[in-house]
>>> print(open('query.txt').read())   # compact mmCIF, C-alpha atoms
# COMPACT_ATOMS: atom_id res chain seq x y z
CA MET A 119 123.84 83.35 95.55
CA THR A 120 126.20 82.12 92.84
CA THR A 121 124.53 78.69 92.97
CA LEU A 122 121.21 80.22 91.94
CA SER A 123 120.12 80.52 88.32
CA PRO A 124 120.60 83.92 86.61
CA ASN A 125 116.83 84.51 86.58
CA THR A 126 116.51 83.77 90.30
CA ARG A 127 119.43 86.05 91.10
CA GLY A 128 117.94 88.76 88.90
CA ALA A 129 114.56 88.44 90.59
CA LEU A 130 116.14 88.68 94.06
CA LEU A 131 118.16 91.73 93.01
CA MET A 132 115.05 93.37 91.58
CA MET A 133 113.16 92.76 94.83
CA GLY A 134 116.12 94.11 96.78
CA SER A 135 116.18 97.21 94.59
CA MET A 136 112.45 97.82 95.09
CA ALA A 137 112.80 97.27 98.85
CA ALA A 138 115.66 99.77 99.02
CA PHE A 139 113.85 102.48 97.05
CA THR A 140 110.65 101.96 99.06
CA MET A 141 112.48 102.14 102.40
CA GLY A 142 114.16 105.33 101.17
CA ASP A 143 110.73 106.77 100.36
CA ALA A 144 109.53 105.78 103.83
CA CYS A 145 112.46 107.66 105.39
CA VAL A 146 111.59 110.80 103.39
CA LYS A 147 107.94 110.49 104.44
CA ALA A 148 108.99 110.08 108.08
CA ILE A 149 110.99 113.34 107.84
CA GLY A 150 107.78 115.05 106.76
CA GLU A 151 107.79 118.84 106.92
CA ALA A 152 110.66 118.97 109.44
CA LEU A 153 113.08 119.66 106.57
CA PRO A 154 112.40 121.49 103.32
CA LEU A 155 112.26 119.23 100.28
CA SER A 156 115.14 121.13 98.66
CA GLN A 157 117.42 120.35 101.60
CA ILE A 158 116.55 116.65 101.43
CA LEU A 159 117.16 116.52 97.68
CA VAL A 160 120.48 118.37 97.85
CA ILE A 161 121.95 116.23 100.63
CA ARG A 162 120.58 112.91 99.40
CA GLY A 163 121.33 113.70 95.76
CA SER A 164 124.88 114.88 96.39
CA PHE A 165 125.90 111.65 98.10
CA ALA A 166 124.03 109.55 95.51
CA SER A 167 125.67 111.46 92.64
CA LEU A 168 129.12 110.98 94.17
CA PHE A 169 128.52 107.25 94.52
CA ILE A 170 127.20 106.90 90.96
CA ALA A 171 130.19 108.89 89.65
CA LEU A 172 132.65 106.60 91.44
CA LEU A 173 130.80 103.52 90.19
CA ALA A 174 130.73 104.88 86.63
CA LEU A 175 134.44 105.72 86.83
CA ARG A 176 135.25 102.20 88.01
CA MET A 177 133.21 100.67 85.18
CA GLY A 178 134.64 103.00 82.54
CA ALA A 179 131.29 104.66 81.85
CA LEU A 180 132.41 108.29 82.13
CA ARG A 181 132.66 108.83 78.40
CA MET A 182 131.46 112.30 77.53
CA SER A 183 131.67 111.84 73.75
CA VAL A 184 128.11 110.73 73.14
CA PRO A 185 126.15 111.44 69.94
CA ARG A 186 124.45 114.85 69.83
CA GLN A 187 120.98 113.28 69.73
CA ASP A 188 121.78 111.33 72.89
CA GLY A 189 122.96 114.55 74.51
CA TRP A 190 119.58 116.19 73.92
CA LEU A 191 117.80 113.07 75.16
CA MET A 192 119.96 113.06 78.29
CA LEU A 193 118.97 116.68 78.90
CA LEU A 194 115.29 115.81 78.45
CA ARG A 195 115.70 112.85 80.78
CA SER A 196 117.34 115.03 83.43
CA MET A 197 114.50 117.56 83.26
CA ALA A 198 111.95 114.76 83.57
CA GLU A 199 113.87 113.33 86.53
CA VAL A 200 113.71 116.72 88.22
CA GLY A 201 109.96 116.93 87.68
CA SER A 202 109.29 113.38 88.83
CA SER A 203 111.41 113.82 91.98
CA TYR A 204 109.69 117.05 92.98
CA PHE A 205 106.10 115.94 92.35
CA PHE A 206 106.55 112.38 93.66
CA LEU A 207 108.20 113.39 96.92
CA THR A 208 105.76 116.26 97.47
CA ALA A 209 102.86 113.84 97.01
CA LEU A 210 104.59 111.26 99.19
CA ARG A 211 104.77 113.66 102.13
CA HIS A 212 100.99 114.15 102.08
CA MET A 213 99.60 110.78 100.88
CA PRO A 214 99.82 107.22 102.18
CA LEU A 215 102.98 105.48 101.00
CA ALA A 216 101.10 102.58 99.40
CA ASN A 217 98.79 104.88 97.42
CA VAL A 218 101.63 106.82 95.82
CA THR A 219 103.59 103.63 95.13
CA ALA A 220 100.55 101.98 93.57
CA LEU A 221 100.10 104.88 91.15
CA LEU A 222 103.74 104.63 90.16
CA GLN A 223 103.10 101.04 89.08
CA MET A 224 101.21 102.52 86.13
CA LEU A 225 104.57 102.99 84.42
CA PRO A 226 104.57 99.90 82.13
CA LEU A 227 101.11 100.93 80.88
CA THR A 228 101.94 104.61 80.38
CA LEU A 229 105.16 103.64 78.60
CA THR A 230 103.23 101.48 76.15
CA LEU A 231 100.72 104.29 75.65
CA GLY A 232 103.50 106.86 75.17
CA SER A 233 105.36 104.65 72.71
CA ALA A 234 102.19 104.27 70.66
CA LEU A 235 101.30 107.97 70.67
CA VAL A 236 104.78 109.51 70.36
CA PHE A 237 106.77 106.91 68.43
CA ARG A 238 103.85 105.31 66.53
CA GLU A 239 104.84 101.87 67.77
CA PRO A 240 102.16 99.26 66.96
CA VAL A 241 100.01 98.21 69.92
CA GLY A 242 97.57 95.32 69.55
CA TRP A 243 94.07 95.26 70.92
CA ARG A 244 95.07 93.13 73.93
CA ARG A 245 97.47 95.76 75.19
CA TRP A 246 94.99 98.56 74.50
CA VAL A 247 92.46 96.70 76.66
CA SER A 248 95.05 96.25 79.41
CA ILE A 249 95.92 99.97 79.28
CA GLY A 250 92.23 100.90 79.58
CA ALA A 251 91.78 98.51 82.50
CA GLY A 252 94.90 99.90 84.16
CA PHE A 253 93.53 103.44 83.98
CA ILE A 254 90.31 102.21 85.59
CA GLY A 255 92.47 100.84 88.40
CA MET A 256 94.13 104.26 88.69
CA LEU A 257 90.71 105.94 89.03
CA LEU A 258 89.81 103.53 91.82
CA ILE A 259 92.92 104.67 93.71
CA VAL A 260 92.59 108.45 93.29
CA ARG A 261 88.74 108.49 93.15
CA PRO A 262 88.27 111.98 91.66
CA GLY A 263 85.35 113.91 93.09
CA THR A 264 85.55 112.24 96.50
CA GLU A 265 86.90 113.50 99.80
CA GLY A 266 90.13 111.52 99.35
CA PHE A 267 90.98 113.26 96.07
CA THR A 268 93.36 116.16 96.76
CA LEU A 269 95.92 118.31 94.98
CA TYR A 270 98.56 115.76 95.98
CA SER A 271 96.69 113.04 94.08
CA VAL A 272 97.22 115.21 91.00
CA TYR A 273 100.88 115.63 91.97
CA ALA A 274 101.31 111.85 92.06
CA LEU A 275 99.80 111.53 88.57
CA ILE A 276 102.05 114.34 87.28
CA ALA A 277 105.01 112.41 88.72
CA VAL A 278 103.92 109.33 86.74
CA ALA A 279 103.79 111.48 83.58
CA PHE A 280 107.32 112.78 84.21
CA VAL A 281 108.67 109.26 84.87
CA THR A 282 107.06 108.16 81.60
CA VAL A 283 108.81 110.96 79.70
CA ARG A 284 112.08 110.06 81.42
CA ASP A 285 111.87 106.41 80.41
CA LEU A 286 110.68 107.18 76.87
CA ALA A 287 113.74 109.40 76.44
CA THR A 288 115.92 106.58 77.77
CA ARG A 289 114.43 104.14 75.26
CA ARG A 290 115.38 106.41 72.35
CA MET A 291 119.04 106.66 73.34
CA SER A 292 121.62 104.71 71.42
CA ALA A 293 123.92 102.10 72.91
CA ALA A 294 126.71 104.70 72.76
CA ALA A 295 125.28 106.39 75.88
CA PRO A 296 126.44 104.43 78.97
CA SER A 297 123.55 103.79 81.37
CA LEU A 298 125.55 104.93 84.40
CA LEU A 299 126.48 108.21 82.69
CA VAL A 300 122.81 108.77 81.87
CA THR A 301 121.86 108.08 85.50
CA LEU A 302 124.61 110.37 86.77
CA THR A 303 123.55 113.35 84.63
CA SER A 304 119.97 112.96 85.87
CA ALA A 305 121.07 112.77 89.51
CA ILE A 306 123.22 115.89 89.11
CA GLY A 307 120.31 117.66 87.43
CA VAL A 308 118.12 117.03 90.48
CA VAL A 309 120.84 118.38 92.80
CA ILE A 310 121.22 121.55 90.71
CA PHE A 311 117.44 122.10 90.68
CA ALA A 312 117.17 121.50 94.43
CA ALA A 313 120.09 123.83 95.14
CA ALA A 314 118.37 126.58 93.15
CA MET A 315 115.07 125.88 94.94
CA SER A 316 116.79 126.09 98.33
CA ALA A 317 117.62 129.75 97.70
CA GLY A 318 114.08 130.55 98.84
CA GLU A 319 113.90 127.85 101.51
CA PRO A 320 116.25 128.31 104.47
CA TRP A 321 117.80 125.04 105.61
CA GLN A 322 116.86 123.62 108.99
CA PRO A 323 119.30 122.21 111.58
CA LEU A 324 119.69 118.45 111.54
CA THR A 325 118.75 116.77 114.81
CA PRO A 326 120.15 113.27 115.46
CA HIS A 327 116.75 111.79 114.57
CA LEU A 328 116.51 113.68 111.28
CA SER A 329 120.13 112.85 110.48
CA TRP A 330 119.41 109.15 110.85
CA LEU A 331 116.33 109.39 108.62
CA LEU A 332 118.13 111.43 105.96
CA GLY A 333 121.14 109.12 106.13
CA GLY A 334 118.82 106.13 105.76
CA ALA A 335 117.11 107.72 102.74
CA THR A 336 120.50 108.37 101.14
CA ALA A 337 121.83 104.86 101.84
CA CYS A 338 118.64 103.30 100.47
CA VAL A 339 118.82 105.33 97.24
CA ILE A 340 122.45 104.31 96.76
CA ALA A 341 121.59 100.66 97.42
CA GLY A 342 118.63 100.87 95.04
CA TYR A 343 120.79 102.31 92.25
CA THR A 344 123.47 99.66 92.81
CA LEU A 345 121.02 96.76 92.73
CA SER A 346 119.19 98.16 89.68
CA VAL A 347 122.49 98.33 87.78
CA LEU A 348 123.20 94.70 88.69
CA VAL A 349 119.69 93.69 87.60
CA MET A 350 120.34 94.96 84.07
CA ARG A 351 123.31 92.61 83.76
CA ILE A 352 121.68 89.38 84.98
CA GLY A 353 118.93 87.09 83.70
CA ASP A 354 116.01 87.41 81.32
CA VAL A 355 114.32 90.82 81.46
CA SER A 356 110.88 89.35 80.71
CA PHE A 357 111.17 87.07 83.76
CA ILE A 358 112.66 89.66 86.11
CA ALA A 359 110.62 92.78 85.23
CA PRO A 360 107.35 91.74 86.97
CA PHE A 361 109.21 91.51 90.28
CA ARG A 362 109.29 95.33 90.28
CA TYR A 363 105.75 95.10 91.66
CA THR A 364 107.10 93.75 94.94
CA GLY A 365 107.75 97.42 95.71
CA LEU A 366 104.00 97.74 96.30
CA ILE A 367 104.08 94.91 98.86
CA PHE A 368 106.93 96.62 100.70
CA ALA A 369 105.00 99.91 100.60
CA LEU A 370 101.89 98.27 102.06
CA LEU A 371 103.88 96.71 104.91
CA LEU A 372 105.95 99.82 105.69
CA GLY A 373 102.90 102.06 105.50
CA LEU A 374 101.08 99.88 108.02
CA VAL A 375 104.00 99.35 110.42
CA LEU A 376 105.52 102.83 110.35
CA PHE A 377 102.57 105.13 109.69
CA GLY A 378 99.50 103.06 110.59
CA ASP A 379 98.12 103.43 107.06
CA TRP A 380 96.19 100.70 105.31
CA PRO A 381 94.52 101.42 101.95
CA LYS A 382 90.77 101.23 101.50
CA ALA A 383 89.28 98.26 99.68
CA LEU A 384 88.82 100.24 96.44
CA THR A 385 92.47 101.31 96.54
CA LEU A 386 93.60 97.70 96.94
CA ILE A 387 91.34 96.61 94.07
CA GLY A 388 92.71 99.40 91.88
CA ALA A 389 96.29 98.47 92.76
CA ALA A 390 95.59 94.81 91.96
CA ILE A 391 94.17 95.80 88.55
CA ILE A 392 97.24 97.93 87.80
CA VAL A 393 99.62 95.13 88.79
CA ALA A 394 97.71 92.55 86.73
CA THR A 395 97.47 94.70 83.60
CA GLY A 396 101.03 95.94 83.93
CA SER A 397 102.33 92.38 84.28
CA PHE A 398 100.37 91.35 81.21
CA ASN A 399 101.82 94.27 79.26
CA LEU A 400 105.37 93.32 80.27
CA TRP A 401 104.73 89.69 79.30
CA ARG A 402 103.13 90.66 75.99
CA GLU A 403 106.02 92.97 75.08
CA SER A 404 108.54 90.22 75.80
CA GLN A 405 106.57 87.82 73.57
CA LEU A 406 106.50 90.32 70.71
CA ARG A 407 110.21 91.05 71.17
CA ARG A 408 111.09 87.36 70.98
CA ARG A 409 108.91 86.94 67.90
CA ALA A 410 110.64 89.87 66.19
CA VAL A 411 114.08 88.42 67.00
CA ALA A 412 113.03 85.02 65.66
CA GLN A 413 111.71 86.56 62.43
CA ALA A 414 114.93 88.55 62.00
CA LYS A 415 116.99 85.37 62.34
CA MET A 416 114.81 83.60 59.77
CA ARG A 417 115.30 86.45 57.27
CA ARG A 418 119.07 86.22 57.69
CA THR A 419 119.02 82.51 56.90
>>> encode(input="query.txt", output="structure tokens")
Amino acid sequence: MTTLSPNTRGALLMMGSMAAFTMGDACVKAIGEALPLSQILVIRGSFASLFIALLALRMGALRMSVPRQDGWLMLLRSMAEVGSSYFFLTALRHMPLANVTALLQMLPLTLTLGSALVFREPVGWRRWVSIGAGFIGMLLIVRPGTEGFTLYSVYALIAVAFVTVRDLATRRMSAAAPSLLVTLTSAIGVVIFAAAMSAGEPWQPLTPHLSWLLGGATACVIAGYTLSVLVMRIGDVSFIAPFRYTGLIFALLLGLVLFGDWPKALTLIGAAIIVATGSFNLWRESQLRRRAVAQAKMRRT
């Protein structure tokens, strides 16, 4: 892999990260109602938190002296992580894997929308059009008012909202907050929430089959976190970011092979619209970022 260009390596790592997270989601879906969600989150989250803590310790990221504003943002991010984990995994257990994954691909669009509404960041007409088109794609997936629209469709959309809040909070943090420390606090927050939730949900015994699935979900989450950390350190973000959409391809394949699910034509069209508009938004943001950097250099000279 060392003979490959940084962008190629970054793209492969991004695809590996998306594959790992999607396979972890498939393991959770395969567990179904056999285990309470709180039990899954506590066991999976505890091992993931331990791994992230060891990785952060090795990389010297366990600095607790972060600015006060970053501390509040980390708390907000942790709360959003809790909400996204609960609503996403609840929806995942009752909806086709590809449908939930496709809705999650709305993130680049909702982040642009959130940045414009909350932080008053300028958004040109091209990106507004892409956001509008992306929301049309979302409606084609959930199809409100039809038989396929359920409470869990709403849960999936709530999960997207929580992920958007999480990433908006991350964007406002200063460079003084190490990314691994931020990830660790969020992971621990989910474990604490799940442990509290488990007080009203008695744990179930782990059969060998369930142990393998839960172990697979945990290993995939750890692999996904590891690869995502490596992605941030390699290549050009504007080139690598669109490869996050390969997660949808993995979800389509796993949903068909493992659960016999294949989305309806309207769902596929909606997903394609979301991917296209999201990719355009990522490309447009990278263009504007490069232009701003170039203008800043010109002013210095």
>>> closest_residue(input="query.txt", among="A:Pro240, A:Thr219, A:Leu258, A:Thr303", to="Leu168 (chain A)", atoms="all atoms listed in the file")
A:Thr303
>>> residues_near_point(input="query.txt", point="(119.4, 111.8, 101.0)", cutoff="8 Å", atoms="all atoms listed in the file", output="VMD selection string")
chain A and resid 158 to 166 332 to 337 339
>>> atom_distance(input="query.txt", atom1="CA of His212 (chain A)", atom2="CA of Gly263 (chain A)")
18.0 Å
>>> residues_around(input="query.txt", residues="region 380-397 of chain A", least_positions_apart="3", cutoff="10 Å", atoms="only C-alpha atoms", output="PyMOL selection string")
chain A and resi 214-217+219-228+230+245+247-261+356+359-364+366+370-375+377+400-403
>>> axis_aligned_box(input="query.txt", around="region 284-293 of chain A", padding_each_side="4 Å", output="lines of an AutoDock Vina configuration file")
center_x = 117.3
center_y = 106.1
center_z = 76.4
size_x = 21.2
size_y = 16.0
size_z = 18.0
>>> atom_distance(input="query.txt", atom1="CA of Leu348 (chain A)", atom2="CA of Ser135 (chain A)")
9.5 Å
>>> closest_residue(input="query.txt", among="A:Tyr204, A:Trp190, A:Phe280, A:Trp246", to="Ala234 (chain A)", atoms="all atoms listed in the file")
A:Trp246
>>> closest_residue(input="query.txt", among="A:Thr301, A:Phe206, A:Ala295, A:Trp330", to="Val184 (chain A)", atoms="only C-alpha atoms")
A:Ala295
>>> closest_residue(input="query.txt", among="A:Phe398, A:Leu345, A:Arg409, A:Ile149", to="Leu130 (chain A)", atoms="only C-alpha atoms")
A:Leu345
